[in-house]
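Asker: Provided below: work13.txt, containing compact mmCIF, C-alpha atoms.
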```txt
# COMPACT_ATOMS: atom_id res chain seq x y z
CA MET A 1 -96.36 118.66 13.47
CA LEU A 2 -92.72 119.21 14.27
CA TYR A 3 -91.39 118.46 17.76
CA ARG A 4 -88.42 119.71 19.78
CA LYS A 5 -86.90 118.24 22.91
CA MET A 6 -86.92 119.88 26.31
CA PRO A 7 -83.13 119.97 26.90
CA LYS A 8 -82.98 118.74 30.51
CA THR A 9 -85.62 115.99 30.18
CA GLY A 10 -85.70 114.90 26.55
CA ASP A 11 -89.46 115.43 26.58
CA GLU A 12 -90.63 115.81 22.97
CA LEU A 13 -93.00 118.76 22.72
CA SER A 14 -94.94 120.09 19.76
CA ILE A 15 -93.35 123.30 18.55
CA LEU A 16 -96.85 124.83 18.59
CA GLY A 17 -98.49 125.10 21.99
CA PHE A 18 -102.15 125.93 22.56
CA GLY A 19 -102.53 129.05 24.72
CA CYS A 20 -105.77 129.27 26.69
CA MET A 21 -105.74 132.99 27.50
CA ARG A 22 -107.88 134.10 24.55
CA LEU A 23 -110.50 131.38 24.10
CA PRO A 24 -113.60 132.02 21.93
CA MET A 25 -116.35 133.98 23.66
CA ALA A 26 -120.14 134.09 23.49
CA ASP A 27 -122.36 136.40 25.56
CA GLY A 28 -119.43 137.49 27.73
CA GLN A 29 -118.40 133.94 28.66
CA ILE A 30 -116.13 131.28 27.17
CA ASP A 31 -117.98 129.56 24.34
CA GLU A 32 -117.40 126.18 25.97
CA PRO A 33 -118.48 123.75 23.22
CA ARG A 34 -116.45 125.66 20.63
CA ALA A 35 -113.40 126.07 22.89
CA ILE A 36 -113.37 122.37 23.79
CA ALA A 37 -113.73 121.39 20.14
CA GLN A 38 -110.83 123.69 19.20
CA ILE A 39 -108.53 122.33 21.91
CA ARG A 40 -109.32 118.71 21.06
CA SER A 41 -108.93 119.32 17.33
CA ALA A 42 -105.48 120.83 17.92
CA ILE A 43 -104.48 117.83 20.03
CA ASP A 44 -105.75 115.47 17.32
CA SER A 45 -103.48 117.37 14.91
CA GLY A 46 -100.37 116.83 17.05
CA VAL A 47 -100.33 119.61 19.65
CA ASN A 48 -99.21 118.16 22.98
CA TYR A 49 -98.50 121.29 25.06
CA VAL A 50 -101.42 123.30 26.45
CA ASP A 51 -100.87 126.45 28.52
CA THR A 52 -103.24 128.14 30.97
CA ALA A 53 -103.05 130.13 34.22
CA TRP A 54 -105.06 130.93 37.33
CA PRO A 55 -106.37 134.37 36.19
CA TYR A 56 -107.09 133.63 32.52
CA HIS A 57 -110.69 134.39 31.63
CA GLY A 58 -111.32 135.54 35.20
CA GLY A 59 -110.49 132.08 36.56
CA ALA A 60 -112.56 130.13 34.04
CA SER A 61 -109.71 128.93 31.80
CA GLU A 62 -108.29 126.18 34.04
CA PRO A 63 -111.67 124.51 34.72
CA LEU A 64 -112.54 124.70 31.02
CA LEU A 65 -109.25 123.06 30.09
CA GLY A 66 -109.87 120.36 32.67
CA ARG A 67 -113.16 119.53 30.98
CA ALA A 68 -111.59 119.67 27.51
CA LEU A 69 -109.01 117.09 28.57
CA GLN A 70 -111.54 114.48 29.65
CA ASP A 71 -112.32 111.44 27.48
CA GLY A 72 -108.68 110.41 27.18
CA TYR A 73 -107.20 113.74 26.09
CA ARG A 74 -105.34 114.35 29.37
CA GLU A 75 -102.98 111.47 28.67
CA ARG A 76 -102.04 112.95 25.30
CA VAL A 77 -100.79 116.35 26.47
CA ARG A 78 -98.51 118.16 28.89
CA ILE A 79 -100.38 120.75 30.91
CA ALA A 80 -98.69 124.03 31.78
CA THR A 81 -100.20 126.36 34.35
CA LYS A 82 -98.87 129.01 36.71
CA LEU A 83 -98.67 129.98 40.37
CA PRO A 84 -100.25 133.47 40.74
CA THR A 85 -97.37 135.16 42.55
CA TRP A 86 -99.32 138.36 43.22
CA LEU A 87 -101.84 136.41 45.36
CA ILE A 88 -99.19 134.70 47.49
CA ASN A 89 -98.64 136.03 51.00
CA THR A 90 -97.28 132.95 52.77
CA ARG A 91 -95.53 129.67 52.02
CA GLU A 92 -98.83 127.90 52.77
CA ASP A 93 -100.59 129.88 50.06
CA MET A 94 -98.40 128.21 47.44
CA ASP A 95 -99.73 124.77 48.37
CA ARG A 96 -103.30 126.04 48.56
CA TYR A 97 -103.20 127.44 45.03
CA LEU A 98 -101.44 124.46 43.52
CA ASN A 99 -103.90 122.04 45.11
CA ALA A 100 -106.82 124.14 43.88
CA GLN A 101 -105.34 124.15 40.37
CA LEU A 102 -105.01 120.38 40.39
CA GLU A 103 -108.69 120.16 41.29
CA ARG A 104 -109.72 122.73 38.67
CA LEU A 105 -107.77 120.90 35.98
CA GLY A 106 -109.00 117.49 37.05
CA THR A 107 -105.52 116.01 37.29
CA ASP A 108 -103.10 114.75 39.93
CA HIS A 109 -100.05 116.48 38.48
CA ILE A 110 -98.99 119.52 36.46
CA ASP A 111 -96.40 118.66 33.83
CA TYR A 112 -94.95 122.18 33.46
CA TYR A 113 -95.57 124.49 36.40
CA LEU A 114 -94.50 128.12 36.17
CA VAL A 115 -93.99 130.82 38.75
CA HIS A 116 -96.06 133.47 37.02
CA ALA A 117 -95.08 136.97 35.86
CA LEU A 118 -91.71 137.33 37.54
CA ASP A 119 -89.68 140.50 37.52
CA GLY A 120 -86.83 141.35 39.88
CA PRO A 121 -88.93 142.54 42.87
CA ALA A 122 -91.49 139.76 42.45
CA TRP A 123 -88.70 137.15 42.42
CA ASP A 124 -87.11 138.61 45.55
CA ALA A 125 -90.46 138.58 47.35
CA ILE A 126 -91.54 135.08 46.37
CA LYS A 127 -88.08 133.69 47.10
CA ALA A 128 -88.23 135.15 50.62
CA GLN A 129 -91.60 133.43 51.06
CA GLY A 130 -90.09 130.02 50.32
CA ILE A 131 -90.74 129.35 46.64
CA CYS A 132 -87.66 127.15 46.23
CA GLU A 133 -88.68 124.89 49.12
CA PHE A 134 -92.23 124.75 47.73
CA LEU A 135 -91.08 123.72 44.25
CA ASP A 136 -88.73 121.08 45.69
CA GLN A 137 -91.54 119.60 47.78
CA ALA A 138 -94.13 119.71 45.00
CA LYS A 139 -91.74 117.90 42.66
CA LYS A 140 -90.89 115.36 45.35
CA ASP A 141 -94.53 114.51 46.07
CA GLY A 142 -95.42 114.42 42.37
CA ARG A 143 -97.85 117.32 42.17
CA ILE A 144 -95.60 118.99 39.59
CA VAL A 145 -93.11 117.42 37.22
CA ASN A 146 -91.09 120.33 35.82
CA ALA A 147 -90.60 123.79 37.34
CA GLY A 148 -90.21 126.99 35.35
CA PHE A 149 -91.10 130.67 35.38
CA SER A 150 -92.58 133.30 33.11
CA PHE A 151 -90.78 136.62 32.87
CA HIS A 152 -92.05 140.20 32.49
CA GLY A 153 -89.17 142.22 33.88
CA LEU A 154 -86.03 144.12 33.04
CA PRO A 155 -83.19 142.40 31.15
CA GLU A 156 -80.72 142.62 34.04
CA ASP A 157 -83.04 140.63 36.31
CA PHE A 158 -83.52 137.73 33.91
CA SER A 159 -80.15 136.04 34.32
CA ARG A 160 -80.23 136.14 38.12
CA ILE A 161 -83.66 134.47 38.11
CA VAL A 162 -82.38 131.84 35.67
CA ASP A 163 -79.48 131.22 38.08
CA GLY A 164 -81.66 131.34 41.19
CA TYR A 165 -83.15 127.83 40.97
CA PRO A 166 -82.59 124.62 38.95
CA TRP A 167 -85.38 125.41 36.49
CA VAL A 168 -86.22 123.10 33.59
CA PHE A 169 -87.69 125.86 31.44
CA CYS A 170 -88.73 129.50 31.23
CA GLN A 171 -91.33 131.44 29.29
CA ILE A 172 -90.51 134.79 27.67
CA GLN A 173 -92.09 137.29 25.30
CA TYR A 174 -90.25 137.15 22.00
CA ASN A 175 -90.94 138.19 18.43
CA TYR A 176 -89.15 140.15 15.73
CA LEU A 177 -90.13 143.45 17.37
CA ASP A 178 -89.08 142.40 20.87
CA GLN A 179 -85.49 141.35 20.33
CA GLN A 180 -84.25 143.72 23.05
CA TYR A 181 -87.44 143.87 25.13
CA GLN A 182 -87.55 142.16 28.56
CA ALA A 183 -85.44 138.98 28.23
CA GLY A 184 -84.92 139.49 24.49
CA THR A 185 -82.42 137.64 22.33
CA ALA A 186 -79.74 137.85 24.99
CA GLY A 187 -82.07 136.21 27.50
CA LEU A 188 -83.11 133.52 25.03
CA GLN A 189 -79.49 132.63 24.43
CA TYR A 190 -78.57 132.80 28.12
CA ALA A 191 -81.40 130.48 29.16
CA ALA A 192 -80.47 128.03 26.41
CA SER A 193 -76.80 128.13 27.46
CA LYS A 194 -77.92 127.02 30.93
CA GLY A 195 -79.86 124.09 29.50
CA LEU A 196 -83.33 125.55 29.92
CA GLY A 197 -86.10 124.95 27.44
CA VAL A 198 -87.63 128.20 26.27
CA VAL A 199 -91.35 128.63 25.72
CA ILE A 200 -92.31 131.72 23.74
CA MET A 201 -95.36 133.86 24.47
CA GLU A 202 -96.63 136.75 22.33
CA PRO A 203 -94.95 135.59 19.09
CA LEU A 204 -97.52 137.71 17.24
CA ARG A 205 -97.71 140.51 19.84
CA GLY A 206 -101.27 139.64 20.80
CA GLY A 207 -102.10 138.71 17.21
CA ASN A 208 -101.08 142.10 15.83
CA LEU A 209 -98.09 140.89 13.81
CA GLY A 210 -100.34 138.34 12.15
CA LEU A 211 -102.99 140.76 10.92
CA ALA A 212 -103.68 140.16 7.23
CA ALA A 213 -103.93 143.91 6.68
CA ALA A 214 -100.40 144.92 7.68
CA PRO A 215 -99.56 148.63 7.48
CA PRO A 216 -98.93 149.49 3.80
CA ALA A 217 -95.24 150.21 4.39
CA VAL A 218 -94.79 146.77 5.99
CA ALA A 219 -96.92 145.00 3.39
CA ALA A 220 -94.68 146.45 0.67
CA ILE A 221 -91.68 144.75 2.29
CA TRP A 222 -93.43 141.37 2.43
CA ASP A 223 -94.31 141.79 -1.26
CA GLU A 224 -90.59 141.76 -2.11
CA ALA A 225 -90.13 138.19 -0.92
CA LYS A 226 -89.43 135.48 -3.50
CA THR A 227 -91.44 133.03 -1.40
CA ARG A 228 -94.77 134.65 -0.60
CA ARG A 229 -95.96 134.21 2.98
CA THR A 230 -98.68 135.71 5.13
CA PRO A 231 -97.67 138.10 7.94
CA VAL A 232 -98.46 135.43 10.53
CA GLU A 233 -96.20 132.93 8.77
CA TRP A 234 -93.32 135.41 8.65
CA ALA A 235 -93.70 136.13 12.36
CA LEU A 236 -93.98 132.51 13.50
CA ARG A 237 -91.25 131.23 11.22
CA TRP A 238 -88.91 133.94 12.49
CA VAL A 239 -89.35 132.71 16.08
CA TRP A 240 -89.11 129.03 15.16
CA ASN A 241 -85.98 129.77 13.14
CA HIS A 242 -84.16 130.04 16.49
CA PRO A 243 -82.95 126.59 17.61
CA GLU A 244 -83.01 127.76 21.24
CA VAL A 245 -86.83 127.93 21.12
CA THR A 246 -88.66 124.82 22.32
CA VAL A 247 -92.36 125.73 22.11
CA VAL A 248 -94.22 128.74 20.69
CA LEU A 249 -97.58 129.50 22.30
CA SER A 250 -100.43 130.81 20.21
CA GLY A 251 -103.68 132.07 21.73
CA MET A 252 -105.83 130.54 19.01
CA ASN A 253 -109.60 131.12 19.03
CA GLU A 254 -110.57 130.97 15.35
CA GLU A 255 -110.70 127.67 13.50
CA THR A 256 -109.04 129.18 10.45
CA HIS A 257 -106.19 130.54 12.59
CA ILE A 258 -105.66 127.15 14.20
CA ALA A 259 -105.49 125.45 10.80
CA GLN A 260 -103.05 128.08 9.54
CA ASN A 261 -100.78 127.78 12.59
CA LEU A 262 -100.82 123.99 12.41
CA ALA A 263 -99.78 124.09 8.76
CA ILE A 264 -96.86 126.41 9.54
CA ALA A 265 -95.84 124.23 12.51
CA GLY A 266 -95.43 121.30 10.16
CA GLU A 267 -92.74 123.06 8.14
CA ALA A 268 -90.94 125.62 10.34
CA HIS A 269 -87.60 123.97 11.03
CA ALA A 270 -84.90 125.85 12.95
CA GLY A 271 -82.51 127.61 10.60
CA SER A 272 -84.83 127.27 7.59
CA LEU A 273 -85.05 130.98 6.72
CA THR A 274 -82.47 132.26 4.25
CA VAL A 275 -80.19 135.22 4.90
CA GLU A 276 -82.27 137.28 2.48
CA GLU A 277 -85.49 136.34 4.28
CA LEU A 278 -84.05 137.22 7.67
CA GLU A 279 -82.99 140.60 6.30
CA LEU A 280 -86.54 141.11 5.06
CA VAL A 281 -87.97 140.43 8.52
CA GLU A 282 -85.45 142.84 10.05
CA ARG A 283 -86.58 145.53 7.64
CA ALA A 284 -90.24 144.90 8.50
CA GLY A 285 -89.37 145.20 12.18
CA LYS A 286 -87.58 148.48 11.61
CA LYS A 287 -90.54 149.80 9.63
CA TYR A 288 -92.83 148.98 12.56
CA GLN A 289 -90.39 150.79 14.83
CA GLU A 290 -90.71 153.87 12.63
CA LEU A 291 -94.46 153.78 13.19
CA MET A 292 -93.96 154.02 16.94
CA GLN A 293 -95.03 157.22 18.64
CA VAL A 294 -92.10 157.07 21.10
CA GLY A 295 -88.61 155.91 20.18
CA CYS A 296 -88.22 153.98 23.42
CA THR A 297 -86.08 150.83 23.23
CA GLY A 298 -86.99 149.62 26.73
CA CYS A 299 -83.40 149.97 27.97
CA ALA A 300 -84.71 151.31 31.33
CA TYR A 301 -81.79 153.71 31.83
CA CYS A 302 -84.47 156.21 32.93
CA MET A 303 -85.37 154.03 35.89
CA PRO A 304 -86.03 154.18 38.75
CA CYS A 305 -88.43 157.09 38.53
CA PRO A 306 -88.75 159.13 41.77
CA ALA A 307 -92.53 159.26 41.25
CA GLY A 308 -92.73 155.52 40.59
CA VAL A 309 -93.72 155.79 36.92
CA LYS A 310 -92.97 152.57 35.00
CA ILE A 311 -91.67 154.55 32.06
CA PRO A 312 -90.68 151.80 29.58
CA ILE A 313 -93.88 149.84 30.18
CA CYS A 314 -96.05 152.94 29.73
CA PHE A 315 -94.35 153.69 26.43
CA ASP A 316 -94.56 150.06 25.28
CA PHE A 317 -98.34 149.81 25.48
CA PHE A 318 -98.78 153.33 24.13
CA ASN A 319 -96.71 152.36 21.10
CA LYS A 320 -98.61 149.12 20.64
CA MET A 321 -101.90 150.99 20.60
CA HIS A 322 -100.69 153.28 17.84
CA MET A 323 -98.84 150.67 15.80
CA PHE A 324 -101.64 148.14 15.68
CA GLY A 325 -104.81 150.08 16.48
CA ASN A 326 -106.09 147.55 19.03
CA VAL A 327 -107.07 150.22 21.53
CA GLU A 328 -109.02 148.15 24.06
CA GLU A 329 -106.41 145.40 24.38
CA ALA A 330 -103.59 147.96 24.72
CA LYS A 331 -105.46 149.79 27.48
CA PHE A 332 -106.27 146.51 29.25
CA MET A 333 -102.63 145.40 29.22
CA TYR A 334 -101.47 148.88 30.25
CA ILE A 335 -103.57 148.65 33.40
CA ALA A 336 -102.68 145.02 34.09
CA PHE A 337 -98.93 145.60 33.96
CA VAL A 338 -98.59 149.23 35.06
CA SER A 339 -100.98 149.00 38.02
CA GLY A 340 -98.70 146.48 39.75
CA ILE A 341 -101.38 143.78 39.76
CA THR A 342 -99.03 141.21 38.22
CA GLY A 343 -95.70 142.52 39.44
CA SER A 344 -94.25 144.32 42.43
CA GLY A 345 -97.61 145.61 43.66
CA GLU A 346 -96.85 149.32 43.21
CA PRO A 347 -98.62 151.32 40.47
CA GLY A 348 -96.57 153.24 37.93
CA PHE A 349 -99.05 155.05 35.69
CA ALA A 350 -98.08 157.86 33.33
CA SER A 351 -100.34 160.21 35.29
CA GLN A 352 -98.02 159.85 38.31
CA CYS A 353 -95.33 161.83 36.47
CA VAL A 354 -94.50 165.11 38.25
CA ALA A 355 -92.20 166.39 35.48
CA CYS A 356 -89.17 166.45 37.78
CA GLY A 357 -86.93 165.90 34.75
CA GLU A 358 -84.59 163.42 36.43
CA CYS A 359 -85.10 160.98 33.55
CA LEU A 360 -84.09 163.41 30.80
CA ASP A 361 -80.32 163.21 31.24
CA LYS A 362 -80.46 159.42 31.53
CA CYS A 363 -82.32 158.66 28.30
CA PRO A 364 -79.92 157.64 25.50
CA GLN A 365 -82.72 158.25 22.97
CA HIS A 366 -83.17 161.84 24.21
CA ILE A 367 -86.92 161.41 24.57
CA ALA A 368 -88.85 164.29 26.14
CA ILE A 369 -90.22 161.87 28.70
CA PRO A 370 -92.31 164.23 30.89
CA GLU A 371 -94.02 165.72 27.81
CA MET A 372 -94.72 162.28 26.38
CA MET A 373 -96.08 161.06 29.71
CA GLU A 374 -98.74 163.77 29.53
CA ARG A 375 -99.82 162.39 26.18
CA VAL A 376 -99.72 158.77 27.39
CA ALA A 377 -101.87 159.66 30.40
CA ALA A 378 -104.36 161.53 28.23
CA GLU A 379 -104.75 158.71 25.70
CA MET A 380 -104.33 155.60 27.88
CA GLU A 381 -106.22 156.69 30.99
CA GLY A 382 -109.12 159.15 30.56
CA PRO A 383 -112.17 160.00 32.69
CA ASP A 384 -113.33 156.41 33.41
CA PHE A 385 -109.84 155.23 34.29
CA GLN A 386 -110.34 154.38 37.98
CA ALA A 387 -113.41 152.30 37.22
CA ARG A 388 -111.48 150.34 34.59
CA VAL A 389 -108.57 149.82 36.99
CA ALA A 390 -110.97 148.48 39.62
CA GLY A 391 -112.56 146.11 37.13
CA ILE A 392 -109.27 144.73 35.86
CA LYS A 393 -107.94 144.35 39.40
CA GLU A 394 -111.01 142.27 40.17
CA HIS A 395 -110.28 140.17 37.08
CA PHE A 396 -106.78 139.37 38.33
CA LYS A 397 -107.47 139.30 42.05
CA THR A 398 -109.96 136.48 41.96
CA GLY A 399 -108.31 134.31 44.57
CA LEU A 400 -109.16 131.46 46.87
CA LYS A 401 -111.86 132.10 49.44
```
Please go through the file and, once you have read it, give me the structure as structure tokens.
Answerer:
Amino acid sequence: MLYRKMPKTGDELSILGFGCMRLPMADGQIDEPRAIAQIRSAIDSGVNYVDTAWPYHGGASEPLLGRALQDGYRERVRIATKLPTWLINTREDMDRYLNAQLERLGTDHIDYYLVHALDGPAWDAIKAQGICEFLDQAKKDGRIVNAGFSFHGLPEDFSRIVDGYPWVFCQIQYNYLDQQYQAGTAGLQYAASKGLGVVIMEPLRGGNLGLAAAPPAVAAIWDEAKTRRTPVEWALRWVWNHPEVTVVLSGMNEETHIAQNLAIAGEAHAGSLTVEELELVERAGKKYQELMQVGCTGCAYCMPCPAGVKIPICFDFFNKMHMFGNVEEAKFMYIAFVSGITGSGEPGFASQCVACGECLDKCPQHIAIPEMMERVAAEMEGPDFQARVAGIKEHFKTGLK
């Protein structure tokens, strides 16, 4: 296992972190014996950063991790979990959730505590509710050690959140397809320039970039490489090639995947890919882009939409569904992020489009946005849509009683 230092603290963290959002399942529940064995095996192999959150697995992830870290494993890892911003209404709520998380995890402190799923509006709201005072107090009394945030917003909001509090670290989505998406490469570099450690989520885009059966056009590019690697190794090595990256999270739930990721994490030094290899990855990324149904770059020039449609996010999950074929996950994430459950609280579904046309002159890609929104709504929503929205809201809204 390779390790990198958290810049502000010198804390040595495994470059591979264990993500507890997609644990193995059996009969609709976490397969607890298998999940615990997987987590402990990863720790025995050198992983010392484990990431969870309040809503993962409908609230079952944190308690499961707490049980996995018994028998001496707690002392061997840094726990990362997250304050569910969308459930916070008052300053007092912040303490209530943190204290509940400490109990669920069976610990007296959280090593890396994140303000979850921030975008610009969510940051403005939680800041007005007293998040800075809360983090200061929780660090002072020892309930948390290091404060950070995870980001799911527009690029222009990232830097002001970075500058809005003395964070130790941040967590962003980053992979070779998402170099300009959300925080992107510019955000990675900005955070690093401010001394923040950067934890990466979705390095494989929900596992899709690691599929053994890559699209034929992409597989043909990988076949050109002098050093043969699997798609998952290309994707992970590309992220770890960036020296600004501290930890890469992987939602591992298959023993073979864990072994594969551990092997890669023992060799993936920053700057180890050659110029030719980096060019190969760029070509693979461009080929994936060609497979997209909508040529949206996520620039958000089309925003705000008068009808409230979250245009770039709608297109993002629509593209993912068509690029990778994982229909159910794409539809789940579409609802989770477009419904407002994890962000500003206002829905922005494709079906809200009224074809006013205001976005058309703003789009530098000249996308026929209203026409495409009809297609997105037809394919991503459908007749049982409201029932699915209600179910996913329940999944995320499981709060304290």
Asker: Leaving out Glu329 (chain A) and any residue of its chain fewer than 4 positions from it, which residues lie within 12 Å of it when counting only C-alpha atoms, given as a PDB file with C-alpha atoms, in the coordinates of the input?
Answerer:
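Dumped everything to around.pdb:
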```
ATOM      1  CA  ARG A  22    -107.880 134.100  24.550  1.00  0.00           C
ATOM      2  CA  ARG A 205     -97.710 140.510  19.840  1.00  0.00           C
ATOM      3  CA  GLY A 206    -101.270 139.640  20.800  1.00  0.00           C
ATOM      4  CA  GLY A 207    -102.100 138.710  17.210  1.00  0.00           C
ATOM      5  CA  ASN A 208    -101.080 142.100  15.830  1.00  0.00           C
ATOM      6  CA  PHE A 317     -98.340 149.810  25.480  1.00  0.00           C
ATOM      7  CA  PHE A 318     -98.780 153.330  24.130  1.00  0.00           C
ATOM      8  CA  LYS A 320     -98.610 149.120  20.640  1.00  0.00           C
ATOM      9  CA  MET A 321    -101.900 150.990  20.600  1.00  0.00           C
ATOM     10  CA  HIS A 322    -100.690 153.280  17.840  1.00  0.00           C
ATOM     11  CA  PHE A 324    -101.640 148.140  15.680  1.00  0.00           C
ATOM     12  CA  GLY A 325    -104.810 150.080  16.480  1.00  0.00           C
ATOM     13  CA  MET A 333    -102.630 145.400  29.220  1.00  0.00           C
ATOM     14  CA  TYR A 334    -101.470 148.880  30.250  1.00  0.00           C
ATOM     15  CA  ILE A 335    -103.570 148.650  33.400  1.00  0.00           C
ATOM     16  CA  ALA A 336    -102.680 145.020  34.090  1.00  0.00           C
ATOM     17  CA  MET A 380    -104.330 155.600  27.880  1.00  0.00           C
ATOM     18  CA  ILE A 392    -109.270 144.730  35.860  1.00  0.00           C
TER      19      ILE A 392
END
```
Asker: Any idea what the distance is between CA of Cys356 (chain A) and CA of Phe332 (chain A)?
Answerer: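 Atom-to-atom, CA of Cys356 (chain A) to CA of Phe332 (chain A), that is 27.6 Å.
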Asker: Pick the closest to Tyr112 (chain A) from A:Ser250, A:Thr274, A:Asn175, A:Thr52: which is it, counting all atoms listed in the file?
Answerer: A:Thr52
Asker: Find the residues with any atom within 12 Å of (-107.9, 119.4, 38.4); use all atoms listed in the file and the coordinates as given in the file, and write the answer as a list in words.
Answerer: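 In the file's frame, the residues around the point are Trp54, Ser61, Glu62, Pro63, Leu64, Leu65, Gly66, Arg67, Ala68, Leu69, Gln70, Arg74, Ile79, Thr81, Tyr97, Leu98, Asn99, Ala100, Gln101, Leu102, Glu103, Arg104, Leu105, Gly106, Thr107, Asp108, His109, Ile110 and Arg143 of chain A.
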Asker: Ranking A:Glu202, A:Asp124, A:Asp93, A:Asp71 by minimum distance to Val247 (chain A) and counting only C-alpha atoms, which one comes first?
Answerer: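 Among the listed residues, A:Glu202 lies closest to Val247 (chain A).
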Asker: CA of Phe18 (chain A) and CA of Trp123 (chain A), how far apart in Å?
Answerer: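 Interatomic distance, CA of Trp123 (chain A) to CA of Phe18 (chain A): 26.5 Å.
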Asker: Would you mind listing what lies within 12 Å of Glu156 (chain A) as a PyMOL selection string, with only C-alpha atoms counted and same-chain residues fewer than 4 positions away left out?
Answerer: chain A and resi 119-120+151-152+160-162+180-184+186-187+190+298-301
Asker: What does the distance between CA of Met201 (chain A) and CA of Cys170 (chain A) come to in Å, to one decimal place?
Answerer: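 According to the coordinates, CA of Met201 (chain A) and CA of Cys170 (chain A) are separated by 10.4 Å.
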Asker: Return the single residue from A:Ile126, A:Ala219, A:Leu135, A:Val50 that is closest to Leu87 (chain A), with distances computed using all atoms listed in the file.
Answerer: A:Ile126
Asker: At a cut-off of 9 Å from (-87.3, 126.5, 32.3) in the coordinates of the file, what residues are picked up using all atoms listed in the file, written as a PDB file with C-alpha atoms, in the coordinates of the input?
Answerer:
```
ATOM      1  CA  MET A   6     -86.920 119.880  26.310  1.00  0.00           C
ATOM      2  CA  TYR A 112     -94.950 122.180  33.460  1.00  0.00           C
ATOM      3  CA  LEU A 114     -94.500 128.120  36.170  1.00  0.00           C
ATOM      4  CA  ASN A 146     -91.090 120.330  35.820  1.00  0.00           C
ATOM      5  CA  ALA A 147     -90.600 123.790  37.340  1.00  0.00           C
ATOM      6  CA  GLY A 148     -90.210 126.990  35.350  1.00  0.00           C
ATOM      7  CA  PHE A 149     -91.100 130.670  35.380  1.00  0.00           C
ATOM      8  CA  SER A 150     -92.580 133.300  33.110  1.00  0.00           C
ATOM      9  CA  VAL A 162     -82.380 131.840  35.670  1.00  0.00           C
ATOM     10  CA  PRO A 166     -82.590 124.620  38.950  1.00  0.00           C
ATOM     11  CA  TRP A 167     -85.380 125.410  36.490  1.00  0.00           C
ATOM     12  CA  VAL A 168     -86.220 123.100  33.590  1.00  0.00           C
ATOM     13  CA  PHE A 169     -87.690 125.860  31.440  1.00  0.00           C
ATOM     14  CA  CYS A 170     -88.730 129.500  31.230  1.00  0.00           C
ATOM     15  CA  GLN A 171     -91.330 131.440  29.290  1.00  0.00           C
ATOM     16  CA  ALA A 191     -81.400 130.480  29.160  1.00  0.00           C
ATOM     17  CA  GLY A 195     -79.860 124.090  29.500  1.00  0.00           C
ATOM     18  CA  LEU A 196     -83.330 125.550  29.920  1.00  0.00           C
ATOM     19  CA  GLY A 197     -86.100 124.950  27.440  1.00  0.00           C
ATOM     20  CA  VAL A 198     -87.630 128.200  26.270  1.00  0.00           C
ATOM     21  CA  VAL A 199     -91.350 128.630  25.720  1.00  0.00           C
TER      22      VAL A 199
END
```
Asker: With distances taken over only C-alpha atoms, which residue among A:Ala220, A:Tyr165, A:Ala387, A:Asp95 lies nearest Asp141 (chain A)?
Answerer: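 Ranking A:Ala220, A:Tyr165, A:Ala387, A:Asp95 by distance to Asp141 (chain A), first place goes to A:Asp95.
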Asker: Name the closest residue to Glu133 (chain A) among the candidates A:Arg91, A:Ile15, A:Val354, A:Val115; distances are taken between atoms, counting only C-alpha atoms.
Answerer: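 Checking each candidate against Glu133 (chain A), we get A:Arg91 as the closest.
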Asker: Can you pull out the residues contacting Gly357 (chain A)? Cut-off 9 Å, using all atoms listed in the file, and skip same-chain residues under 5 positions away; I want them as a list in words.
Answerer: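 So the residues in contact are Ala368, Ile369 and Pro370 of chain A.
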Asker: Quick one: write out the picked residues with C-alpha atoms as a PDB file, in the frame of the given file?
Answerer:
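Done, and the output landed in result20.pdb:
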```
ATOM      1  CA  ALA A 368     -88.850 164.290  26.140  1.00  0.00           C
ATOM      2  CA  ILE A 369     -90.220 161.870  28.700  1.00  0.00           C
ATOM      3  CA  PRO A 370     -92.310 164.230  30.890  1.00  0.00           C
TER       4      PRO A 370
END
```
Asker: Considering only C-alpha atoms, state which residue in the set A:Ala377, A:Leu400, A:Val245, A:Leu16 is at the smallest distance from Gly271 (chain A).
Answerer: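 Nearest to Gly271 (chain A): A:Val245.
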Asker: I'd like the contact shell of region 28-33 of chain A - 9 Å cut-off, all atoms listed in the file, skipping same-chain residues fewer than 3 positions apart - returned as a list of chain:residue names.
Answerer: A:Leu23, A:Pro24, A:Met25, A:Ile36, A:Ala37, A:Gln38, A:His57, A:Ala60, A:Ser61, A:Leu64, A:Ala68
